[in-house]
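J.: Structure in structure tokens, see below.
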Amino acid sequence: MENKESKISINVLDVLKDFAHKWWIILIASVLGACALFLYTFFTTDQKYTATAKMYVNNSSVGASVSDAIDAITNSDMSASRSLVSSYAVILKTHLILDDVLKTAETEEEYTYDQLVDMISVGSVNNTEVCYISVSCTNPDDAKILVNTTLHVFKNQIGNIINGSSAKIVDYAVETQPVSRGFTKMSLIGFAVGLILSLAAIFLVDFYVSDTFQDTDSLKQCLPDDIPVLAVIPDTDTSTTGKYGYYKKYGHYSHDYTYSYYQETVENEEADAKERE
């Protein structure tokens, strides 16, 4: 018997059919997973707004007048300006700049330095010498005030930090944009988690935990080779009550063989004899 049990295999087609029969369970679990993560995101995250300002990074070789600037700007100067954006991003997030921003904007009571660092992002616009500064927070007015103040403070102090370099304001932040809270992404993740968990649960319960044989092939795998299956008695009870209601509903076979083939034959002969009388 132990040797026979070691040969038990699972038919992929049977697994897919079982999943198809229980599609409604899989669908409900997937939708519940999506709704759960959607609600979690809704109640645990706040709506944020982003304000963005832009400035132009000047290289030290660029002169003050327009004519001198045109003559001085070369490919190497523009490349040097683009490389300065990375340095500006580091300098902008120092205490020297941001502490002055909080003081100038009079927001020292609302925000700390660490909070402001997390709120600010700096980068190059399309890999050019134009640099953007963005501030994201839950208050749209604070976002605009902080980003514009940062622009002014940085413009005034960068010349003292990097000799010969300067920055010119290109665009102020005049409006804010709402930041996506990731509802779609989290809902899709929840849907996928619910789908995977429901498939795994159905597979484990029906093919490992359940002691109901779903067809004759699964029964033969559990019997020694010298014990044949004489007959299969279909379960005509279509009710869904009881421990194995699902298998009754879909016509699967029970392994309760107390009502044996021999008993059925005897009862059939007795019934025929009564009819002849």
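Going by the structure tokens order, chains are called A, B, ..., each with residues numbered from 1, while ligands are numbered from 1 in the order shown.
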Out of range 42-200 of chain A, which residues get alpha helix (DSSP H) from DSSP, as an mmCIF file with N, CA, C and O atoms, in the first residue's frame?

T.:
data_model
loop_
_atom_site.group_PDB
_atom_site.id
_atom_site.type_symbol
_atom_site.label_atom_id
_atom_site.label_comp_id
_atom_site.auth_asym_id
_atom_site.auth_seq_id
_atom_site.Cartn_x
_atom_site.Cartn_y
_atom_site.Cartn_z
ATOM 1 N N PHE A 42 -6.622 53.928 1.247
ATOM 2 C CA PHE A 42 -7.494 55.090 1.419
ATOM 3 C C PHE A 42 -7.417 55.648 2.838
ATOM 4 O O PHE A 42 -7.388 56.869 3.032
ATOM 5 N N PHE A 43 -7.377 54.769 3.834
ATOM 6 C CA PHE A 43 -7.412 55.223 5.227
ATOM 7 C C PHE A 43 -6.027 55.484 5.817
ATOM 8 O O PHE A 43 -5.933 56.091 6.887
ATOM 9 N N THR A 44 -4.967 55.013 5.170
ATOM 10 C CA THR A 44 -3.631 55.167 5.750
ATOM 11 C C THR A 44 -2.761 56.181 5.012
ATOM 12 O O THR A 44 -1.663 56.488 5.490
ATOM 13 N N VAL A 66 24.603 89.627 -22.098
ATOM 14 C CA VAL A 66 24.026 88.671 -23.027
ATOM 15 C C VAL A 66 25.004 88.344 -24.140
ATOM 16 O O VAL A 66 25.188 87.198 -24.542
ATOM 17 N N SER A 67 25.698 89.372 -24.674
ATOM 18 C CA SER A 67 26.635 89.137 -25.764
ATOM 19 C C SER A 67 27.807 88.275 -25.314
ATOM 20 O O SER A 67 28.262 87.371 -26.027
ATOM 21 N N ASP A 68 28.304 88.553 -24.091
ATOM 22 C CA ASP A 68 29.394 87.746 -23.564
ATOM 23 C C ASP A 68 28.947 86.311 -23.323
ATOM 24 O O ASP A 68 29.705 85.356 -23.531
ATOM 25 N N ALA A 69 27.680 86.129 -22.861
ATOM 26 C CA ALA A 69 27.166 84.791 -22.590
ATOM 27 C C ALA A 69 27.073 83.983 -23.870
ATOM 28 O O ALA A 69 27.417 82.799 -23.905
ATOM 29 N N ILE A 70 26.617 84.636 -24.940
ATOM 30 C CA ILE A 70 26.493 83.926 -26.213
ATOM 31 C C ILE A 70 27.853 83.468 -26.713
ATOM 32 O O ILE A 70 28.021 82.360 -27.230
ATOM 33 N N ASP A 71 28.869 84.322 -26.553
ATOM 34 C CA ASP A 71 30.208 83.969 -26.997
ATOM 35 C C ASP A 71 30.839 82.901 -26.106
ATOM 36 O O ASP A 71 31.640 82.079 -26.569
ATOM 37 N N ALA A 72 30.485 82.918 -24.835
ATOM 38 C CA ALA A 72 31.155 82.027 -23.886
ATOM 39 C C ALA A 72 30.557 80.637 -23.830
ATOM 40 O O ALA A 72 31.236 79.673 -23.471
ATOM 41 N N ASN A 75 29.866 73.791 -25.873
ATOM 42 C CA ASN A 75 29.380 72.470 -25.475
ATOM 43 C C ASN A 75 29.958 72.049 -24.138
ATOM 44 O O ASN A 75 29.279 71.421 -23.319
ATOM 45 N N SER A 76 31.207 72.383 -23.894
ATOM 46 C CA SER A 76 31.819 72.005 -22.618
ATOM 47 C C SER A 76 31.174 72.751 -21.458
ATOM 48 O O SER A 76 31.000 72.203 -20.369
ATOM 49 N N ASP A 77 30.809 74.031 -21.697
ATOM 50 C CA ASP A 77 30.147 74.807 -20.645
ATOM 51 C C ASP A 77 28.788 74.206 -20.304
ATOM 52 O O ASP A 77 28.404 74.108 -19.131
ATOM 53 N N MET A 78 28.031 73.831 -21.333
ATOM 54 C CA MET A 78 26.709 73.262 -21.102
ATOM 55 C C MET A 78 26.820 71.906 -20.411
ATOM 56 O O MET A 78 26.012 71.567 -19.550
ATOM 57 N N SER A 79 27.849 71.137 -20.771
ATOM 58 C CA SER A 79 28.071 69.855 -20.103
ATOM 59 C C SER A 79 28.425 70.069 -18.638
ATOM 60 O O SER A 79 27.959 69.346 -17.753
ATOM 61 N N ALA A 80 29.240 71.089 -18.378
ATOM 62 C CA ALA A 80 29.607 71.399 -16.992
ATOM 63 C C ALA A 80 28.387 71.855 -16.200
ATOM 64 O O ALA A 80 28.241 71.535 -15.015
ATOM 65 N N SER A 81 27.501 72.622 -16.852
ATOM 66 C CA SER A 81 26.285 73.072 -16.175
ATOM 67 C C SER A 81 25.396 71.906 -15.813
ATOM 68 O O SER A 81 24.820 71.853 -14.720
ATOM 69 N N ARG A 82 25.275 70.933 -16.724
ATOM 70 C CA ARG A 82 24.446 69.763 -16.433
ATOM 71 C C ARG A 82 25.023 68.946 -15.282
ATOM 72 O O ARG A 82 24.290 68.410 -14.461
ATOM 73 N N SER A 83 26.347 68.870 -15.229
ATOM 74 C CA SER A 83 26.969 68.121 -14.139
ATOM 75 C C SER A 83 26.782 68.827 -12.803
ATOM 76 O O SER A 83 26.791 68.183 -11.743
ATOM 77 N N LEU A 84 26.604 70.151 -12.831
ATOM 78 C CA LEU A 84 26.406 70.903 -11.591
ATOM 79 C C LEU A 84 25.053 70.601 -10.950
ATOM 80 O O LEU A 84 24.873 70.816 -9.747
ATOM 81 N N VAL A 85 24.089 70.113 -11.749
ATOM 82 C CA VAL A 85 22.750 69.841 -11.213
ATOM 83 C C VAL A 85 22.831 68.817 -10.089
ATOM 84 O O VAL A 85 22.151 68.942 -9.060
ATOM 85 N N SER A 86 23.665 67.798 -10.255
ATOM 86 C CA SER A 86 23.824 66.778 -9.207
ATOM 87 C C SER A 86 24.396 67.386 -7.938
ATOM 88 O O SER A 86 23.966 67.058 -6.827
ATOM 89 N N SER A 87 25.357 68.286 -8.103
ATOM 90 C CA SER A 87 25.931 68.948 -6.933
ATOM 91 C C SER A 87 24.905 69.859 -6.272
ATOM 92 O O SER A 87 24.825 69.934 -5.038
ATOM 93 N N TYR A 88 24.111 70.545 -7.077
ATOM 94 C CA TYR A 88 23.078 71.423 -6.542
ATOM 95 C C TYR A 88 22.060 70.633 -5.735
ATOM 96 O O TYR A 88 21.564 71.100 -4.701
ATOM 97 N N ALA A 89 21.712 69.439 -6.207
ATOM 98 C CA ALA A 89 20.714 68.619 -5.508
ATOM 99 C C ALA A 89 21.196 68.247 -4.112
ATOM 100 O O ALA A 89 20.411 68.208 -3.160
ATOM 101 N N VAL A 90 22.499 67.980 -3.976
ATOM 102 C CA VAL A 90 23.055 67.638 -2.666
ATOM 103 C C VAL A 90 23.107 68.866 -1.760
ATOM 104 O O VAL A 90 22.727 68.822 -0.584
ATOM 105 N N ILE A 91 23.559 69.971 -2.325
ATOM 106 C CA ILE A 91 23.695 71.198 -1.533
ATOM 107 C C ILE A 91 22.335 71.714 -1.076
ATOM 108 O O ILE A 91 22.176 72.202 0.041
ATOM 109 N N LEU A 92 21.342 71.592 -1.947
ATOM 110 C CA LEU A 92 20.025 72.137 -1.636
ATOM 111 C C LEU A 92 19.400 71.480 -0.409
ATOM 112 O O LEU A 92 18.617 72.105 0.310
ATOM 113 N N HIS A 95 21.411 71.538 5.795
ATOM 114 C CA HIS A 95 20.828 72.390 6.836
ATOM 115 C C HIS A 95 21.007 73.871 6.486
ATOM 116 O O HIS A 95 20.135 74.692 6.814
ATOM 117 N N LEU A 96 22.125 74.198 5.865
ATOM 118 C CA LEU A 96 22.395 75.596 5.528
ATOM 119 C C LEU A 96 21.282 76.193 4.678
ATOM 120 O O LEU A 96 20.863 77.335 4.903
ATOM 121 N N ILE A 97 20.762 75.431 3.743
ATOM 122 C CA ILE A 97 19.711 75.926 2.842
ATOM 123 C C ILE A 97 18.332 75.759 3.461
ATOM 124 O O ILE A 97 17.538 76.714 3.545
ATOM 125 N N LEU A 98 18.001 74.543 3.896
ATOM 126 C CA LEU A 98 16.629 74.252 4.317
ATOM 127 C C LEU A 98 16.255 74.915 5.637
ATOM 128 O O LEU A 98 15.090 75.285 5.837
ATOM 129 N N ASP A 99 17.201 75.054 6.547
ATOM 130 C CA ASP A 99 16.889 75.783 7.785
ATOM 131 C C ASP A 99 16.546 77.238 7.472
ATOM 132 O O ASP A 99 15.639 77.820 8.090
ATOM 133 N N ASP A 100 17.249 77.802 6.512
ATOM 134 C CA ASP A 100 16.954 79.172 6.095
ATOM 135 C C ASP A 100 15.604 79.241 5.395
ATOM 136 O O ASP A 100 14.862 80.219 5.527
ATOM 137 N N VAL A 101 15.263 78.201 4.639
ATOM 138 C CA VAL A 101 13.957 78.153 3.956
ATOM 139 C C VAL A 101 12.831 78.142 4.972
ATOM 140 O O VAL A 101 11.846 78.896 4.860
ATOM 141 N N LEU A 102 12.934 77.301 5.983
ATOM 142 C CA LEU A 102 11.887 77.218 7.005
ATOM 143 C C LEU A 102 11.741 78.525 7.767
ATOM 144 O O LEU A 102 10.618 78.951 8.103
ATOM 145 N N LYS A 103 12.859 79.168 8.035
ATOM 146 C CA LYS A 103 12.818 80.440 8.752
ATOM 147 C C LYS A 103 12.218 81.542 7.895
ATOM 148 O O LYS A 103 11.384 82.328 8.360
ATOM 149 N N THR A 104 12.623 81.604 6.625
ATOM 150 C CA THR A 104 12.120 82.649 5.724
ATOM 151 C C THR A 104 10.636 82.467 5.451
ATOM 152 O O THR A 104 9.870 83.441 5.397
ATOM 153 N N TYR A 113 13.290 70.025 9.693
ATOM 154 C CA TYR A 113 14.260 69.841 8.614
ATOM 155 C C TYR A 113 14.111 68.454 7.966
ATOM 156 O O TYR A 113 14.106 68.334 6.732
ATOM 157 N N ASP A 114 13.980 67.423 8.790
ATOM 158 C CA ASP A 114 13.859 66.066 8.253
ATOM 159 C C ASP A 114 12.604 65.906 7.400
ATOM 160 O O ASP A 114 12.612 65.220 6.366
ATOM 161 N N GLN A 115 11.512 66.525 7.821
ATOM 162 C CA GLN A 115 10.291 66.454 7.035
ATOM 163 C C GLN A 115 10.454 67.164 5.693
ATOM 164 O O GLN A 115 10.003 66.670 4.651
ATOM 165 N N LEU A 116 11.107 68.312 5.709
ATOM 166 C CA LEU A 116 11.288 69.070 4.480
ATOM 167 C C LEU A 116 12.209 68.334 3.505
ATOM 168 O O LEU A 116 12.003 68.386 2.289
ATOM 169 N N VAL A 117 13.211 67.651 4.029
ATOM 170 C CA VAL A 117 14.101 66.865 3.160
ATOM 171 C C VAL A 117 13.318 65.796 2.405
ATOM 172 O O VAL A 117 13.526 65.565 1.207
ATOM 173 N N ASP A 118 12.399 65.134 3.111
ATOM 174 C CA ASP A 118 11.586 64.105 2.466
ATOM 175 C C ASP A 118 10.591 64.693 1.462
ATOM 176 O O ASP A 118 10.161 64.000 0.533
ATOM 177 N N MET A 119 10.221 65.942 1.658
ATOM 178 C CA MET A 119 9.236 66.570 0.784
ATOM 179 C C MET A 119 9.844 67.111 -0.507
ATOM 180 O O MET A 119 9.138 67.296 -1.498
ATOM 181 N N PRO A 140 -1.623 72.311 -0.228
ATOM 182 C CA PRO A 140 -1.151 72.851 -1.513
ATOM 183 C C PRO A 140 -0.531 74.242 -1.384
ATOM 184 O O PRO A 140 0.414 74.564 -2.108
ATOM 185 N N ASP A 141 -1.043 75.072 -0.488
ATOM 186 C CA ASP A 141 -0.477 76.410 -0.313
ATOM 187 C C ASP A 141 0.933 76.344 0.270
ATOM 188 O O ASP A 141 1.827 77.088 -0.152
ATOM 189 N N ASP A 142 1.128 75.462 1.242
ATOM 190 C CA ASP A 142 2.466 75.294 1.815
ATOM 191 C C ASP A 142 3.451 74.788 0.771
ATOM 192 O O ASP A 142 4.626 75.174 0.773
ATOM 193 N N ALA A 143 2.980 73.925 -0.114
ATOM 194 C CA ALA A 143 3.863 73.390 -1.155
ATOM 195 C C ALA A 143 4.382 74.515 -2.050
ATOM 196 O O ALA A 143 5.580 74.566 -2.372
ATOM 197 N N LYS A 144 3.509 75.432 -2.450
ATOM 198 C CA LYS A 144 3.938 76.547 -3.296
ATOM 199 C C LYS A 144 4.866 77.497 -2.548
ATOM 200 O O LYS A 144 5.887 77.938 -3.100
ATOM 201 N N ILE A 145 4.531 77.812 -1.307
ATOM 202 C CA ILE A 145 5.372 78.732 -0.531
ATOM 203 C C ILE A 145 6.760 78.153 -0.307
ATOM 204 O O ILE A 145 7.784 78.830 -0.486
ATOM 205 N N LEU A 146 6.833 76.884 0.052
ATOM 206 C CA LEU A 146 8.121 76.262 0.350
ATOM 207 C C LEU A 146 9.000 76.142 -0.888
ATOM 208 O O LEU A 146 10.208 76.387 -0.824
ATOM 209 N N VAL A 147 8.418 75.777 -2.028
ATOM 210 C CA VAL A 147 9.249 75.596 -3.215
ATOM 211 C C VAL A 147 9.749 76.938 -3.744
ATOM 212 O O VAL A 147 10.906 77.059 -4.187
ATOM 213 N N ASN A 148 8.915 77.980 -3.708
ATOM 214 C CA ASN A 148 9.357 79.293 -4.170
ATOM 215 C C ASN A 148 10.384 79.903 -3.224
ATOM 216 O O ASN A 148 11.342 80.562 -3.661
ATOM 217 N N THR A 149 10.188 79.671 -1.925
ATOM 218 C CA THR A 149 11.176 80.156 -0.954
ATOM 219 C C THR A 149 12.500 79.433 -1.122
ATOM 220 O O THR A 149 13.575 80.055 -1.042
ATOM 221 N N THR A 150 12.445 78.146 -1.352
ATOM 222 C CA THR A 150 13.666 77.374 -1.586
ATOM 223 C C THR A 150 14.404 77.892 -2.812
ATOM 224 O O THR A 150 15.639 78.005 -2.818
ATOM 225 N N LEU A 151 13.649 78.237 -3.840
ATOM 226 C CA LEU A 151 14.256 78.765 -5.065
ATOM 227 C C LEU A 151 15.042 80.048 -4.774
ATOM 228 O O LEU A 151 16.177 80.213 -5.228
ATOM 229 N N HIS A 152 14.450 80.963 -4.020
ATOM 230 C CA HIS A 152 15.106 82.239 -3.704
ATOM 231 C C HIS A 152 16.310 82.041 -2.791
ATOM 232 O O HIS A 152 17.381 82.615 -3.028
ATOM 233 N N VAL A 153 16.157 81.266 -1.742
ATOM 234 C CA VAL A 153 17.257 81.051 -0.804
ATOM 235 C C VAL A 153 18.436 80.391 -1.495
ATOM 236 O O VAL A 153 19.599 80.793 -1.312
ATOM 237 N N PHE A 154 18.152 79.397 -2.303
ATOM 238 C CA PHE A 154 19.226 78.697 -2.993
ATOM 239 C C PHE A 154 19.931 79.606 -3.996
ATOM 240 O O PHE A 154 21.160 79.587 -4.102
ATOM 241 N N LYS A 155 19.150 80.399 -4.718
ATOM 242 C CA LYS A 155 19.726 81.323 -5.706
ATOM 243 C C LYS A 155 20.670 82.324 -5.030
ATOM 244 O O LYS A 155 21.738 82.657 -5.561
ATOM 245 N N ASN A 156 20.300 82.783 -3.857
ATOM 246 C CA ASN A 156 21.109 83.790 -3.176
ATOM 247 C C ASN A 156 22.364 83.210 -2.536
ATOM 248 O O ASN A 156 23.367 83.926 -2.370
ATOM 249 N N GLN A 157 22.343 81.931 -2.181
ATOM 250 C CA GLN A 157 23.471 81.366 -1.434
ATOM 251 C C GLN A 157 24.409 80.501 -2.270
ATOM 252 O O GLN A 157 25.532 80.236 -1.844
ATOM 253 N N ILE A 158 23.981 80.067 -3.457
ATOM 254 C CA ILE A 158 24.804 79.133 -4.215
ATOM 255 C C ILE A 158 26.135 79.761 -4.648
ATOM 256 O O ILE A 158 27.157 79.078 -4.737
ATOM 257 N N GLY A 159 26.140 81.074 -4.929
ATOM 258 C CA GLY A 159 27.382 81.732 -5.337
ATOM 259 C C GLY A 159 28.427 81.721 -4.249
ATOM 260 O O GLY A 159 29.641 81.695 -4.534
ATOM 261 N N ASN A 160 28.002 81.738 -2.991
ATOM 262 C CA ASN A 160 28.946 81.708 -1.877
ATOM 263 C C ASN A 160 29.458 80.294 -1.596
ATOM 264 O O ASN A 160 30.482 80.121 -0.943
ATOM 265 N N ILE A 161 28.705 79.300 -2.054
ATOM 266 C CA ILE A 161 29.096 77.912 -1.796
ATOM 267 C C ILE A 161 29.999 77.387 -2.903
ATOM 268 O O ILE A 161 31.039 76.784 -2.641
ATOM 269 N N PHE A 183 -4.020 54.108 -5.808
ATOM 270 C CA PHE A 183 -5.166 53.224 -5.632
ATOM 271 C C PHE A 183 -5.186 52.099 -6.661
ATOM 272 O O PHE A 183 -5.448 50.938 -6.331
ATOM 273 N N THR A 184 -4.914 52.432 -7.919
ATOM 274 C CA THR A 184 -4.947 51.416 -8.972
ATOM 275 C C THR A 184 -3.889 50.352 -8.745
ATOM 276 O O THR A 184 -4.155 49.142 -8.855
ATOM 277 N N LYS A 185 -2.679 50.793 -8.432
ATOM 278 C CA LYS A 185 -1.576 49.853 -8.208
ATOM 279 C C LYS A 185 -1.873 48.931 -7.031
ATOM 280 O O LYS A 185 -1.707 47.705 -7.129
ATOM 281 N N MET A 186 -2.317 49.503 -5.911
ATOM 282 C CA MET A 186 -2.585 48.688 -4.736
ATOM 283 C C MET A 186 -3.766 47.748 -4.955
ATOM 284 O O MET A 186 -3.770 46.613 -4.464
ATOM 285 N N SER A 187 -4.774 48.201 -5.702
ATOM 286 C CA SER A 187 -5.922 47.333 -5.994
ATOM 287 C C SER A 187 -5.498 46.147 -6.842
ATOM 288 O O SER A 187 -5.951 45.017 -6.621
ATOM 289 N N LEU A 188 -4.645 46.381 -7.823
ATOM 290 C CA LEU A 188 -4.159 45.286 -8.667
ATOM 291 C C LEU A 188 -3.324 44.300 -7.854
ATOM 292 O O LEU A 188 -3.423 43.082 -8.051
ATOM 293 N N ILE A 189 -2.519 44.831 -6.935
ATOM 294 C CA ILE A 189 -1.726 43.947 -6.073
ATOM 295 C C ILE A 189 -2.653 43.111 -5.187
ATOM 296 O O ILE A 189 -2.454 41.901 -5.027
ATOM 297 N N GLY A 190 -3.671 43.742 -4.614
ATOM 298 C CA GLY A 190 -4.617 43.008 -3.784
ATOM 299 C C GLY A 190 -5.371 41.950 -4.567
ATOM 300 O O GLY A 190 -5.621 40.849 -4.074
ATOM 301 N N PHE A 191 -5.756 42.285 -5.797
ATOM 302 C CA PHE A 191 -6.451 41.319 -6.659
ATOM 303 C C PHE A 191 -5.554 40.115 -6.930
ATOM 304 O O PHE A 191 -5.998 38.960 -6.863
ATOM 305 N N ALA A 192 -4.287 40.368 -7.239
ATOM 306 C CA ALA A 192 -3.347 39.280 -7.524
ATOM 307 C C ALA A 192 -3.112 38.411 -6.287
ATOM 308 O O ALA A 192 -3.062 37.178 -6.384
ATOM 309 N N VAL A 193 -2.996 39.050 -5.126
ATOM 310 C CA VAL A 193 -2.786 38.289 -3.889
ATOM 311 C C VAL A 193 -3.996 37.410 -3.588
ATOM 312 O O VAL A 193 -3.861 36.229 -3.236
ATOM 313 N N GLY A 194 -5.194 37.981 -3.712
ATOM 314 C CA GLY A 194 -6.410 37.196 -3.497
ATOM 315 C C GLY A 194 -6.537 36.040 -4.467
ATOM 316 O O GLY A 194 -6.960 34.938 -4.103
ATOM 317 N N LEU A 195 -6.163 36.275 -5.727
ATOM 318 C CA LEU A 195 -6.218 35.224 -6.746
ATOM 319 C C LEU A 195 -5.271 34.079 -6.401
ATOM 320 O O LEU A 195 -5.662 32.906 -6.424
ATOM 321 N N ILE A 196 -4.036 34.413 -6.058
ATOM 322 C CA ILE A 196 -3.037 33.382 -5.766
ATOM 323 C C ILE A 196 -3.415 32.595 -4.509
ATOM 324 O O ILE A 196 -3.322 31.358 -4.475
ATOM 325 N N LEU A 197 -3.847 33.307 -3.469
ATOM 326 C CA LEU A 197 -4.208 32.619 -2.222
ATOM 327 C C LEU A 197 -5.414 31.707 -2.408
ATOM 328 O O LEU A 197 -5.461 30.601 -1.855
ATOM 329 N N SER A 198 -6.409 32.152 -3.178
ATOM 330 C CA SER A 198 -7.593 31.320 -3.395
ATOM 331 C C SER A 198 -7.246 30.069 -4.202
ATOM 332 O O SER A 198 -7.719 28.968 -3.890
ATOM 333 N N LEU A 199 -6.409 30.217 -5.232
ATOM 334 C CA LEU A 199 -5.994 29.053 -6.018
ATOM 335 C C LEU A 199 -5.205 28.070 -5.158
ATOM 336 O O LEU A 199 -5.411 26.852 -5.240
ATOM 337 N N ALA A 200 -4.310 28.589 -4.327
ATOM 338 C CA ALA A 200 -3.516 27.721 -3.465
ATOM 339 C C ALA A 200 -4.394 27.001 -2.446
ATOM 340 O O ALA A 200 -4.209 25.796 -2.188
#

J.: Just how far from CA of Val57 in chain A is CA of Ser165 in chain A, in Å to one decimal?

T.: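 Going from CA of Ser165 in chain A over to CA of Val57 in chain A, I get 7.8 Å.
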
J.: How many Å lie between CA of Ile28 in chain A and CA of Val12 in chain A, rounded to one decimal?

T.: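 Separation of CA of Ile28 in chain A and CA of Val12 in chain A: 23.2 Å.
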
J.: To one decimal place, how far is CA of Ala53 in chain A from CA of Thr128 in chain A in Å?

T.: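 Value for the CA of Ala53 in chain A-CA of Thr128 in chain A distance: 15.1 Å.
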
J.: Check the smallest atom-to-atom distance from each of A:Ala51, A:Val209, A:Val179, A:Ile202 to Tyr132 in chain A using only C-alpha atoms, then report the winner.

T.: A:Ala51

J.: Output as a list in words all residues of range 78-142 of chain A that backbone DSSP marks as strand (DSSP E or B).

T.: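 So, restricting range 78-142 of chain A to strand (DSSP E or B), we get Ile120, Ser121, Val122, Gly123, Ser124, Val130, Cys131, Tyr132, Ile133, Ser134, Val135, Ser136 and Cys137 of chain A.
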